[in-house]
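**Q** Below you'll find entry.txt; it's compact mmCIF, C-alpha atoms.
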# COMPACT_ATOMS: atom_id res chain seq x y z
CA MET A 1 3.78 -0.52 -34.76
CA GLN A 2 2.54 -2.68 -31.86
CA THR A 3 2.87 -2.36 -28.12
CA SER A 4 5.52 -4.47 -26.44
CA ALA A 5 5.00 -7.92 -25.01
CA ALA A 6 5.99 -6.52 -21.61
CA LEU A 7 3.25 -3.89 -21.77
CA ASP A 8 0.71 -6.48 -22.84
CA ARG A 9 1.43 -8.47 -19.67
CA ILE A 10 -0.02 -5.76 -17.44
CA ASN A 11 -3.38 -4.03 -16.95
CA PRO A 12 -4.24 -0.43 -16.04
CA SER A 13 -4.56 0.11 -12.30
CA PRO A 14 -8.20 -0.59 -11.30
CA THR A 15 -7.96 1.68 -8.26
CA LEU A 16 -6.83 4.63 -10.38
CA ALA A 17 -9.58 3.81 -12.88
CA ILE A 18 -12.19 4.16 -10.11
CA THR A 19 -10.65 7.48 -9.03
CA SER A 20 -10.85 8.77 -12.61
CA ARG A 21 -14.46 7.64 -12.90
CA VAL A 22 -15.41 9.48 -9.70
CA LEU A 23 -13.76 12.67 -10.94
CA GLU A 24 -15.67 12.40 -14.22
CA LEU A 25 -18.98 11.99 -12.38
CA LYS A 26 -18.26 14.93 -10.09
CA ARG A 27 -17.40 17.14 -13.07
CA ALA A 28 -20.78 16.15 -14.54
CA GLY A 29 -22.50 17.32 -11.36
CA VAL A 30 -23.28 13.88 -9.93
CA ASP A 31 -23.46 13.65 -6.13
CA VAL A 32 -21.03 10.73 -5.85
CA ILE A 33 -19.01 9.78 -2.78
CA GLY A 34 -15.63 8.34 -3.73
CA LEU A 35 -14.31 5.70 -1.35
CA GLY A 36 -11.97 4.11 -3.85
CA ALA A 37 -8.82 6.20 -3.58
CA GLY A 38 -6.00 5.29 -1.20
CA GLU A 39 -5.33 8.87 -0.24
CA PRO A 40 -5.60 10.63 3.13
CA ASP A 41 -7.94 13.60 3.20
CA PHE A 42 -5.62 15.37 5.65
CA ASP A 43 -3.41 18.06 4.18
CA THR A 44 0.39 17.94 4.04
CA PRO A 45 1.65 19.45 7.34
CA ASP A 46 2.48 23.15 7.15
CA PHE A 47 6.09 22.71 8.25
CA VAL A 48 6.61 20.32 5.33
CA LYS A 49 5.12 22.83 2.88
CA GLU A 50 7.32 25.59 4.27
CA ALA A 51 10.42 23.44 3.78
CA ALA A 52 9.48 23.00 0.12
CA ILE A 53 8.91 26.74 -0.34
CA GLU A 54 12.25 27.49 1.28
CA ALA A 55 13.96 24.97 -0.99
CA ILE A 56 12.56 26.78 -4.03
CA ARG A 57 13.71 30.14 -2.69
CA ALA A 58 17.16 28.72 -1.96
CA GLY A 59 17.49 27.55 -5.55
CA LYS A 60 17.35 23.84 -4.81
CA THR A 61 15.78 23.27 -8.20
CA LYS A 62 18.57 21.40 -9.96
CA TYR A 63 19.35 17.74 -10.53
CA THR A 64 20.23 15.75 -7.42
CA ASN A 65 21.97 12.45 -6.89
CA VAL A 66 20.01 9.96 -8.97
CA ASP A 67 18.50 8.08 -6.00
CA GLY A 68 18.27 10.80 -3.38
CA THR A 69 20.02 13.77 -1.80
CA ALA A 70 22.53 13.19 0.97
CA GLU A 71 20.26 15.12 3.35
CA LEU A 72 17.25 12.95 2.63
CA LYS A 73 19.25 9.73 2.83
CA ASP A 74 20.58 10.81 6.24
CA ALA A 75 17.02 11.54 7.35
CA ILE A 76 15.88 8.09 6.19
CA VAL A 77 18.78 6.42 8.02
CA ALA A 78 17.71 8.26 11.18
CA LYS A 79 14.04 7.31 10.60
CA PHE A 80 14.83 3.60 10.38
CA ARG A 81 16.95 3.80 13.54
CA ARG A 82 14.31 5.79 15.44
CA ASP A 83 11.17 3.97 14.37
CA ASN A 84 12.36 0.45 13.53
CA ARG A 85 15.62 -0.07 15.42
CA LEU A 86 17.34 -0.86 12.12
CA ASP A 87 20.82 0.40 11.28
CA TYR A 88 21.62 1.31 7.68
CA THR A 89 24.20 3.50 5.98
CA PRO A 90 23.34 6.06 3.29
CA ALA A 91 24.79 3.64 0.71
CA GLN A 92 21.97 1.25 1.65
CA ILE A 93 19.21 3.81 0.94
CA SER A 94 17.25 4.32 -2.28
CA VAL A 95 14.89 7.26 -2.82
CA ASN A 96 12.31 6.81 -5.57
CA VAL A 97 9.33 8.49 -7.21
CA GLY A 98 6.82 6.94 -4.81
CA GLY A 99 6.46 3.43 -3.39
CA LYS A 100 5.25 2.04 -6.71
CA HIS A 101 8.53 3.16 -8.28
CA THR A 102 10.45 1.41 -5.49
CA LEU A 103 8.57 -1.80 -6.28
CA PHE A 104 9.23 -1.42 -9.99
CA ASN A 105 12.94 -0.73 -9.54
CA ALA A 106 13.53 -3.61 -7.16
CA LEU A 107 11.67 -6.22 -9.19
CA VAL A 108 12.77 -5.17 -12.67
CA ALA A 109 16.38 -4.99 -11.45
CA THR A 110 16.34 -8.55 -10.06
CA LEU A 111 13.80 -10.72 -11.92
CA ASP A 112 14.24 -12.86 -15.01
CA ALA A 113 11.90 -15.12 -16.97
CA GLY A 114 11.19 -18.23 -14.94
CA ASP A 115 11.57 -16.52 -11.56
CA GLU A 116 8.66 -16.60 -9.10
CA VAL A 117 7.42 -14.03 -6.60
CA ILE A 118 5.08 -15.02 -3.78
CA VAL A 119 2.22 -12.50 -3.56
CA PRO A 120 -0.24 -13.04 -0.68
CA ALA A 121 -3.81 -12.16 -1.60
CA PRO A 122 -5.63 -9.88 -1.08
CA TYR A 123 -2.80 -7.86 -2.60
CA TRP A 124 -2.15 -4.30 -3.68
CA VAL A 125 -3.09 -4.21 -7.34
CA SER A 126 0.40 -3.34 -8.61
CA TYR A 127 2.26 -6.32 -7.12
CA PRO A 128 1.37 -9.05 -9.66
CA ASP A 129 1.43 -6.69 -12.63
CA VAL A 130 4.95 -5.43 -11.94
CA VAL A 131 6.13 -9.02 -11.45
CA GLN A 132 4.62 -9.91 -14.83
CA PHE A 133 6.08 -6.81 -16.48
CA ALA A 134 9.51 -7.99 -15.34
CA GLY A 135 8.89 -11.33 -17.07
CA ALA A 136 8.51 -13.37 -13.89
CA THR A 137 5.54 -15.27 -12.47
CA PRO A 138 3.44 -14.07 -9.50
CA VAL A 139 2.52 -16.98 -7.24
CA ILE A 140 -0.74 -15.87 -5.68
CA VAL A 141 -1.43 -17.32 -2.22
CA ALA A 142 -4.99 -16.61 -1.09
CA ALA A 143 -5.26 -15.72 2.59
CA GLY A 144 -8.91 -15.14 3.31
CA ALA A 145 -10.89 -13.77 6.21
CA ASP A 146 -10.64 -17.14 7.99
CA VAL A 147 -6.91 -16.46 8.62
CA GLY A 148 -7.34 -12.73 9.16
CA TYR A 149 -6.21 -11.95 5.59
CA LYS A 150 -2.67 -12.88 6.64
CA LEU A 151 -0.21 -15.39 5.20
CA THR A 152 0.44 -18.33 7.51
CA PRO A 153 3.77 -20.17 7.84
CA ALA A 154 2.23 -23.30 6.30
CA MET A 155 0.97 -21.32 3.30
CA LEU A 156 4.38 -19.74 2.83
CA GLU A 157 6.21 -23.05 3.07
CA ALA A 158 3.91 -24.62 0.49
CA ALA A 159 4.41 -21.76 -1.96
CA ILE A 160 8.22 -21.69 -1.96
CA THR A 161 9.98 -23.46 -4.84
CA PRO A 162 13.56 -23.39 -6.13
CA LYS A 163 12.38 -20.64 -8.52
CA THR A 164 11.12 -18.33 -5.76
CA LYS A 165 13.06 -15.07 -5.70
CA TRP A 166 10.94 -12.73 -3.58
CA LEU A 167 8.16 -12.76 -1.01
CA ILE A 168 6.13 -9.54 -0.92
CA LEU A 169 4.93 -8.80 2.59
CA ASN A 170 2.66 -5.79 3.11
CA SER A 171 1.76 -4.81 6.69
CA PRO A 172 -0.55 -3.07 7.42
CA SER A 173 -2.13 -4.25 4.22
CA ASN A 174 -3.62 -2.47 1.30
CA PRO A 175 -6.45 -3.52 0.73
CA THR A 176 -7.45 -5.21 4.00
CA GLY A 177 -5.76 -3.26 6.79
CA ALA A 178 -4.54 -6.54 8.27
CA ALA A 179 -1.21 -6.23 10.11
CA TYR A 180 1.25 -8.89 11.27
CA THR A 181 2.13 -9.14 14.95
CA VAL A 182 5.70 -9.64 16.12
CA ASP A 183 5.03 -13.33 16.75
CA GLU A 184 3.46 -13.78 13.31
CA LEU A 185 6.47 -12.17 11.66
CA LYS A 186 8.84 -14.38 13.63
CA ALA A 187 6.91 -17.47 12.53
CA LEU A 188 7.16 -16.44 8.87
CA GLY A 189 10.82 -15.63 9.43
CA ALA A 190 11.48 -19.14 10.70
CA VAL A 191 10.23 -20.48 7.35
CA LEU A 192 12.32 -18.00 5.37
CA GLU A 193 15.45 -18.88 7.33
CA ARG A 194 15.19 -22.39 5.86
CA HIS A 195 15.08 -20.98 2.32
CA PRO A 196 18.04 -18.60 1.92
CA HIS A 197 17.36 -18.00 -1.79
CA VAL A 198 14.14 -16.10 -1.02
CA TRP A 199 14.33 -12.33 -0.56
CA ILE A 200 11.72 -10.26 1.26
CA PHE A 201 10.10 -7.08 -0.04
CA ALA A 202 8.68 -5.58 3.17
CA ASP A 203 6.14 -2.92 2.21
CA ASP A 204 5.61 -0.85 5.37
CA MET A 205 3.89 2.13 3.75
CA TYR A 206 1.12 2.25 6.40
CA GLU A 207 3.46 1.82 9.37
CA HIS A 208 2.17 4.81 11.34
CA ILE A 209 -1.53 4.09 10.80
CA VAL A 210 -2.29 1.35 13.34
CA TYR A 211 -4.98 1.03 16.01
CA ASP A 212 -5.96 -0.36 19.41
CA ASP A 213 -2.40 -0.28 20.80
CA PHE A 214 -1.20 -2.56 17.99
CA ARG A 215 2.60 -2.60 17.90
CA PHE A 216 3.94 -2.22 14.38
CA ALA A 217 7.05 -4.21 13.54
CA THR A 218 8.92 -4.96 10.34
CA ILE A 219 10.45 -8.32 9.54
CA ALA A 220 14.12 -7.27 9.42
CA GLU A 221 13.66 -5.80 12.90
CA VAL A 222 12.24 -8.94 14.53
CA CYS A 223 14.24 -11.45 12.44
CA PRO A 224 17.83 -10.10 12.33
CA SER A 225 18.97 -13.15 10.36
CA LEU A 226 16.89 -11.84 7.42
CA TYR A 227 18.36 -8.32 7.47
CA GLU A 228 20.75 -8.92 4.56
CA ARG A 229 18.02 -10.19 2.23
CA THR A 230 15.20 -7.83 3.14
CA LEU A 231 14.35 -4.67 1.26
CA THR A 232 12.51 -2.54 3.82
CA VAL A 233 10.21 -0.17 1.93
CA ASN A 234 8.38 2.94 3.11
CA GLY A 235 7.51 6.44 1.98
CA CYS A 236 5.89 9.76 2.75
CA SER A 237 2.60 9.38 0.86
CA LYS A 238 0.26 7.91 3.47
CA ALA A 239 1.36 8.88 6.98
CA TYR A 240 2.52 12.36 5.98
CA ALA A 241 -0.34 12.98 3.51
CA MET A 242 2.12 13.57 0.67
CA THR A 243 0.66 11.38 -2.09
CA GLY A 244 1.23 13.94 -4.81
CA TRP A 245 4.81 14.68 -3.78
CA ARG A 246 5.84 11.19 -4.96
CA ILE A 247 8.55 10.13 -2.51
CA GLY A 248 9.12 6.49 -1.66
CA PHE A 249 12.25 4.97 -0.20
CA ALA A 250 13.86 1.69 0.70
CA ALA A 251 16.78 0.25 2.66
CA GLY A 252 18.63 -2.94 1.82
CA ALA A 253 21.78 -4.59 0.57
CA THR A 254 24.24 -2.19 -1.05
CA TRP A 255 24.42 -4.20 -4.29
CA LEU A 256 20.64 -4.10 -4.64
CA ILE A 257 20.47 -0.36 -3.96
CA LYS A 258 23.14 0.19 -6.65
CA ALA A 259 21.18 -1.96 -9.10
CA MET A 260 18.03 0.05 -8.44
CA ALA A 261 19.96 3.29 -8.94
CA LYS A 262 21.33 2.01 -12.25
CA LEU A 263 17.80 1.36 -13.50
CA GLN A 264 16.55 4.69 -12.16
CA SER A 265 19.40 6.52 -13.90
CA GLN A 266 17.94 5.45 -17.23
CA SER A 267 14.28 6.01 -16.38
CA THR A 268 13.16 8.87 -14.13
CA SER A 269 16.57 10.00 -12.86
CA ASN A 270 16.23 11.76 -9.50
CA PRO A 271 12.94 12.35 -7.68
CA CYS A 272 11.81 15.98 -7.65
CA SER A 273 14.36 18.05 -5.74
CA ILE A 274 11.65 20.12 -4.03
CA ALA A 275 9.74 17.00 -2.94
CA GLN A 276 12.98 15.60 -1.50
CA ALA A 277 13.47 18.73 0.60
CA ALA A 278 9.89 18.41 1.83
CA ALA A 279 10.39 14.72 2.67
CA THR A 280 13.54 15.54 4.62
CA ALA A 281 11.54 17.96 6.74
CA ALA A 282 8.71 15.44 7.17
CA LEU A 283 11.03 12.74 8.49
CA THR A 284 13.09 14.99 10.75
CA GLY A 285 10.38 17.32 12.07
CA ASP A 286 7.78 16.98 14.82
CA GLN A 287 6.18 13.53 14.55
CA SER A 288 3.41 14.05 17.12
CA PHE A 289 0.72 14.68 14.50
CA LEU A 290 1.09 11.08 13.27
CA LYS A 291 -0.55 9.70 16.40
CA GLU A 292 -3.31 12.31 16.29
CA ARG A 293 -4.17 11.41 12.71
CA ALA A 294 -4.11 7.70 13.47
CA GLN A 295 -6.60 8.31 16.27
CA ALA A 296 -8.89 10.14 13.84
CA PHE A 297 -8.64 7.25 11.38
CA GLN A 298 -9.52 4.81 14.17
CA VAL A 299 -12.77 6.66 14.86
CA ARG A 300 -13.61 6.45 11.17
CA ARG A 301 -12.71 2.77 11.03
CA ASP A 302 -15.05 1.95 13.89
CA LEU A 303 -17.87 3.94 12.29
CA VAL A 304 -17.50 2.21 8.92
CA VAL A 305 -17.11 -1.30 10.35
CA ASP A 306 -20.23 -0.92 12.49
CA MET A 307 -22.35 0.55 9.70
CA LEU A 308 -21.27 -1.95 7.04
CA ASN A 309 -21.96 -4.86 9.38
CA ALA A 310 -25.49 -3.47 9.71
CA ALA A 311 -25.99 -3.73 5.93
CA GLU A 312 -27.81 -6.85 4.70
CA GLY A 313 -25.41 -9.31 3.08
CA ILE A 314 -22.17 -7.59 4.12
CA THR A 315 -19.67 -8.87 6.70
CA CYS A 316 -16.85 -6.49 7.60
CA PRO A 317 -13.83 -7.53 9.70
CA LYS A 318 -12.13 -4.91 11.88
CA PRO A 319 -8.62 -4.17 10.55
CA GLU A 320 -5.51 -3.49 12.61
CA GLY A 321 -4.24 -0.63 10.46
CA ALA A 322 -4.15 1.38 7.20
CA PHE A 323 -7.37 3.20 6.19
CA TYR A 324 -9.25 0.46 4.36
CA VAL A 325 -11.86 -2.14 5.15
CA TYR A 326 -12.32 -5.25 3.04
CA PRO A 327 -15.84 -6.53 3.69
CA SER A 328 -17.17 -9.74 2.23
CA VAL A 329 -20.22 -9.23 0.01
CA ALA A 330 -20.99 -12.94 -0.27
CA GLY A 331 -24.44 -12.31 1.19
CA VAL A 332 -25.58 -10.25 -1.79
CA ILE A 333 -24.38 -12.61 -4.52
CA GLY A 334 -27.33 -14.14 -6.34
CA LYS A 335 -29.72 -11.33 -5.46
CA SER A 336 -31.28 -8.95 -7.99
CA THR A 337 -31.33 -5.18 -8.17
CA PRO A 338 -34.58 -3.19 -8.28
CA ALA A 339 -34.06 -3.01 -12.07
CA GLY A 340 -33.96 -6.80 -12.24
CA LYS A 341 -30.23 -7.26 -12.83
CA ARG A 342 -28.72 -10.25 -11.06
CA ILE A 343 -25.68 -9.67 -8.83
CA ALA A 344 -23.34 -12.49 -9.89
CA THR A 345 -19.97 -11.04 -8.86
CA ASP A 346 -18.45 -8.42 -6.61
CA SER A 347 -17.88 -6.31 -9.74
CA ASP A 348 -21.64 -6.41 -10.33
CA PHE A 349 -22.29 -5.28 -6.77
CA VAL A 350 -19.75 -2.45 -6.86
CA GLY A 351 -21.23 -1.31 -10.18
CA TYR A 352 -24.73 -1.37 -8.70
CA VAL A 353 -23.64 0.64 -5.65
CA LEU A 354 -21.99 3.23 -7.90
CA ASP A 355 -24.93 3.49 -10.32
CA ASP A 356 -27.77 3.40 -7.80
CA ALA A 357 -26.29 4.64 -4.52
CA LYS A 358 -23.62 6.91 -6.00
CA VAL A 359 -20.88 5.44 -3.80
CA ALA A 360 -17.60 4.33 -5.38
CA ALA A 361 -15.68 1.36 -3.98
CA VAL A 362 -13.29 -1.12 -5.62
CA GLN A 363 -14.29 -4.71 -6.41
CA GLY A 364 -12.47 -7.49 -4.58
CA VAL A 365 -11.49 -9.29 -7.77
CA ALA A 366 -8.97 -6.50 -8.38
CA PHE A 367 -7.15 -7.59 -5.21
CA GLY A 368 -7.32 -11.34 -5.75
CA VAL A 369 -9.97 -12.42 -3.21
CA SER A 370 -13.69 -12.37 -3.99
CA PRO A 371 -16.52 -11.70 -3.37
CA ALA A 372 -15.50 -8.57 -1.49
CA MET A 373 -14.86 -4.88 -1.94
CA ARG A 374 -12.32 -2.37 -0.70
CA ILE A 375 -13.56 0.81 0.92
CA SER A 376 -11.20 3.63 1.89
CA TYR A 377 -12.30 5.56 4.96
CA ALA A 378 -9.78 8.35 4.41
CA THR A 379 -12.50 10.97 4.29
CA SER A 380 -14.74 12.83 6.72
CA GLU A 381 -17.05 11.14 9.21
CA ALA A 382 -20.01 12.97 7.68
CA LEU A 383 -19.29 11.61 4.20
CA LEU A 384 -18.58 8.14 5.55
CA THR A 385 -21.88 8.12 7.42
CA GLU A 386 -23.77 9.21 4.32
CA ALA A 387 -21.96 6.67 2.14
CA CYS A 388 -22.66 3.79 4.51
CA GLN A 389 -26.32 4.78 4.77
CA ARG A 390 -26.53 4.68 0.98
CA ILE A 391 -24.89 1.25 0.92
CA GLN A 392 -27.31 -0.01 3.60
CA ALA A 393 -30.24 1.24 1.53
CA ALA A 394 -28.83 -0.32 -1.66
CA CYS A 395 -28.44 -3.67 0.09
CA ALA A 396 -31.96 -3.49 1.54
CA ALA A 397 -33.34 -2.87 -1.97
CA LEU A 398 -31.92 -6.11 -3.35
CA LYS A 399 -34.32 -9.02 -3.78
Any chance you could give the structure as structure tokens?

**A**
Amino acid sequence: MQTSAALDRINPSPTLAITSRVLELKRAGVDVIGLGAGEPDFDTPDFVKEAAIEAIRAGKTKYTNVDGTAELKDAIVAKFRRDNRLDYTPAQISVNVGGKHTLFNALVATLDAGDEVIVPAPYWVSYPDVVQFAGATPVIVAAGADVGYKLTPAMLEAAITPKTKWLILNSPSNPTGAAYTVDELKALGAVLERHPHVWIFADDMYEHIVYDDFRFATIAEVCPSLYERTLTVNGCSKAYAMTGWRIGFAAGATWLIKAMAKLQSQSTSNPCSIAQAAATAALTGDQSFLKERAQAFQVRRDLVVDMLNAAEGITCPKPEGAFYVYPSVAGVIGKSTPAGKRIATDSDFVGYVLDDAKVAAVQGVAFGVSPAMRISYATSEALLTEACQRIQAACAALK
């Protein structure tokens, strides 16, 4: 017995591998600071927890509609109208077991061998692997720090071919925190209007985590002509601190939503009924805490950016959103550690920082643009300060 060709086309998630490694070190008593996980340190709001407890007590523990309860779909329809000025019907809504499941369903339901998917880099680690699992080809378009880690219209135009089926657009971005302005989205939309065979997977998972009065917008909102061929994707994991509840959702063309439901009916079936009740409460309840948490993240962002820019060999741009920074480590490449090991790649540097400074980050090669690293600042200011001091010391020790 051998594993399938489809499985052989993908790799284990490098971000989850880092998280597992940190947990192992902590269990062994090592004083390690994990900055690799994309997970808020805030707790799920109490009113969301109470809704889940009440759902259990009310016996809402049975199967639901395969891609979401009517109550949750109604809440998602209202969310898109309230937050994004987008009108959908419940038949246009898909509820999935997290945003990664939404990605998997949409791509596996629509891609065939020979199809292409444009994936701007730096990218979330799952994008190219799910494309490859589906038998299609990821077309990686590198958008470096010189363009703010954002795809330009010229880059998009050059990447589109007759085989292009999807463009994946993530704003604010994991791993960089870069976010597209309304004008930037309109400029990309003008290119897409000329290529009606290209669909848009708009990953808005970090919508509510933006800074400095940045106005979040999604492409179907600012480019109404693209509404019919955009899958607008979101979820509860990041903004509502519900990573473990596993609820992602999407809105799009009815035929696509039905296709995703067909696939889901033969894989996971419905998302957890209790998690759906909690998500309904999250989307319909008091939203004021979202701004408060974003303000706390902004303080952390500023702390980390300033401290990393004070480290020898590191250059850290200031992101517009999410809770990551993506600093260049080009200035440490070619140097040697105190033990005499040469730093040839960002993987070498991240390994050195973990081994010597006991700080865990993720190497840039995992996200398609090197030499860099991703650091999550979704933890306390005290831990972030300590971690950045350790990184500064590790950089100063290189020769």

**Q** Can you tell me, as number ranges by chain, what residues are no more than 12 Å from A:Glu50 when counting only C-alpha atoms, ignoring any on the same chain fewer than 2 positions away?

**A** A: 44-48, 52-57, 274-275, 277-282, 285

**Q** Env of A:Ala17: 12 Å cut, atoms = only C-alpha atoms, seq-sep filter 4 positions within chain, self excluded. Answer as a list in words.

**A**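 Selected residues are Asn11, Pro12, Ser13, Arg21, Val22, Leu23, Glu24, Gly34, Gly36, Ala37, Val125, Ala360, Ala361, Val362, Gln363 and Ala366 of chain A.
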
**Q** Under the rule of at most 12 Å, produce a per-residue listing of stretch 3-94 of chain A near stretch 103-111 of chain A: chain, number, name, the closest pair of atoms, and the distance in Å, as JSON lines, using all atoms listed in the file.

**A**
{"residue": "A:Ala6", "atom": "CA", "partner": "A:Val108", "partner_atom": "CA", "distance": 11.3}
{"residue": "A:Asp67", "atom": "CA", "partner": "A:Asn105", "partner_atom": "CA", "distance": 11.0}
{"residue": "A:Ser94", "atom": "CA", "partner": "A:Asn105", "partner_atom": "CA", "distance": 9.8}

**Q** At a cut-off of 8 Å, using only C-alpha atoms, what residues contact A:Ile247? Leave out same-chain residues fewer than 5 positions from it and give the result as a list in words.

**A**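 These residues fall inside the cut-off: Val95, Asn96, Val97, Gly98, Gly99, Gly235, Cys236, Ser237, Met242, Pro271, Ala275, Gln276 and Ala279 of chain A.
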
**Q** Expressed in Å to a single decimal, how great is the separation between atom CA of A:Lys26 and atom CA of A:Val359?

**A** 11.7 Å

**Q** Go through A:Lys163, A:Lys291, A:Lys62, A:Arg374 one by one, measure the shortest atom-to-atom distance of each to A:Pro175 using all atoms listed in the file, and give the residue with the smallest value.

**A**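 Closest to A:Pro175, using all atoms listed in the file: A:Arg374.
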
**Q** I want to know what sits within 9 Å of A:Ala322, based on all atoms listed in the file, with residues of the same chain fewer than 3 positions away left out; could you give that as a PyMOL selection string?

**A** chain A and resi 171-179+205-211+238+294+297+319+325

**Q** Go ahead and save the picked residues with C-alpha atoms, as a PDB file, in the coordinates of the input.

**A**
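So the final result, stored in out-v4.pdb, reads:
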ATOM      1  CA  SER A 171       1.760  -4.810   6.690  1.00  0.00           C
ATOM      2  CA  PRO A 172      -0.550  -3.070   7.420  1.00  0.00           C
ATOM      3  CA  SER A 173      -2.130  -4.250   4.220  1.00  0.00           C
ATOM      4  CA  ASN A 174      -3.620  -2.470   1.300  1.00  0.00           C
ATOM      5  CA  PRO A 175      -6.450  -3.520   0.730  1.00  0.00           C
ATOM      6  CA  THR A 176      -7.450  -5.210   4.000  1.00  0.00           C
ATOM      7  CA  GLY A 177      -5.760  -3.260   6.790  1.00  0.00           C
ATOM      8  CA  ALA A 178      -4.540  -6.540   8.270  1.00  0.00           C
ATOM      9  CA  ALA A 179      -1.210  -6.230  10.110  1.00  0.00           C
ATOM     10  CA  MET A 205       3.890   2.130   3.750  1.00  0.00           C
ATOM     11  CA  TYR A 206       1.120   2.250   6.400  1.00  0.00           C
ATOM     12  CA  GLU A 207       3.460   1.820   9.370  1.00  0.00           C
ATOM     13  CA  HIS A 208       2.170   4.810  11.340  1.00  0.00           C
ATOM     14  CA  ILE A 209      -1.530   4.090  10.800  1.00  0.00           C
ATOM     15  CA  VAL A 210      -2.290   1.350  13.340  1.00  0.00           C
ATOM     16  CA  TYR A 211      -4.980   1.030  16.010  1.00  0.00           C
ATOM     17  CA  LYS A 238       0.260   7.910   3.470  1.00  0.00           C
ATOM     18  CA  ALA A 294      -4.110   7.700  13.470  1.00  0.00           C
ATOM     19  CA  PHE A 297      -8.640   7.250  11.380  1.00  0.00           C
ATOM     20  CA  PRO A 319      -8.620  -4.170  10.550  1.00  0.00           C
ATOM     21  CA  VAL A 325     -11.860  -2.140   5.150  1.00  0.00           C
TER      22      VAL A 325
END

**Q** What is the atom CA of A:Lys165-atom CA of A:Ala187 distance in Å, reported with one decimal?

**A** 19.4 Å

**Q** Restricting the calculation to only C-alpha atoms: of A:Gln264, A:Gln132, A:Gln298, A:Thr102, which residue gets closest to A:Gly248?

**A**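 Result for the nearest residue to A:Gly248: A:Thr102.
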
**Q** Would you tabulate, counting only C-alpha atoms, all residues of stretch 356-389 of chain A that have an atom at most 9 Å from an atom of stretch 115-121 of chain A, showing the closest pair of atoms and their distance in Å to one decimal, sorted by chain then ascending number, as a Markdown table?

**A**
| residue | atom | partner | partner_atom | distance |
| --- | --- | --- | --- | --- |
| A:Phe367 | CA | A:Ala121 | CA | 6.7 |
| A:Gly368 | CA | A:Ala121 | CA | 5.5 |
| A:Val369 | CA | A:Ala121 | CA | 6.4 |

**Q** Need the shell around A:Ala339: protein/DNA/RNA residues with any atom at most 12 Å away, counting all atoms listed in the file. Skip same-chain ones fewer than 5 positions apart. Format as a list in words?

**A**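 Here the qualifying residues turn out to be Tyr352, Asp355, Asp356, Ala394, Ala397, Leu398 and Lys399 of chain A.
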
**Q** Identify the residues around (20.2, 7.5, 5.9) within a radius of 9 Å, measuring from all atoms listed in the file in the coordinates stated by the file, and give them as a ChimeraX atom specification.

**A** /A:70-80,87-93,251

**Q** Please, what distance in Å, to one decimal, runs between atom CA of A:Thr345 and atom CA of A:Leu303?

**A**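 Pair atom CA of A:Thr345 / atom CA of A:Leu303 returns 26.0 Å.
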
**Q** Which of these residues is nearest to A:Ile219, using only C-alpha atoms: A:Ala296, A:Leu231, A:Leu308, A:Val130?

**A**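 With only C-alpha atoms as the atom set, the closest residue is A:Leu231.
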
**Q** Pick out the closest residue to A:Tyr149 from this set: A:Ala261, A:Val191, A:Leu35, A:Leu169. Count only C-alpha atoms.

**A**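 When distances to A:Tyr149 are compared using only C-alpha atoms, the smallest one comes from A:Leu169.
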
**Q** Scan for residues within 12 Å of the point (-10.3, 12.7, -0.1) in the coordinates of the file, using only C-alpha atoms, and reply as a PyMOL selection string.

**A** chain A and resi 19+22-23+33-43+241+243+323+376-381+383-384
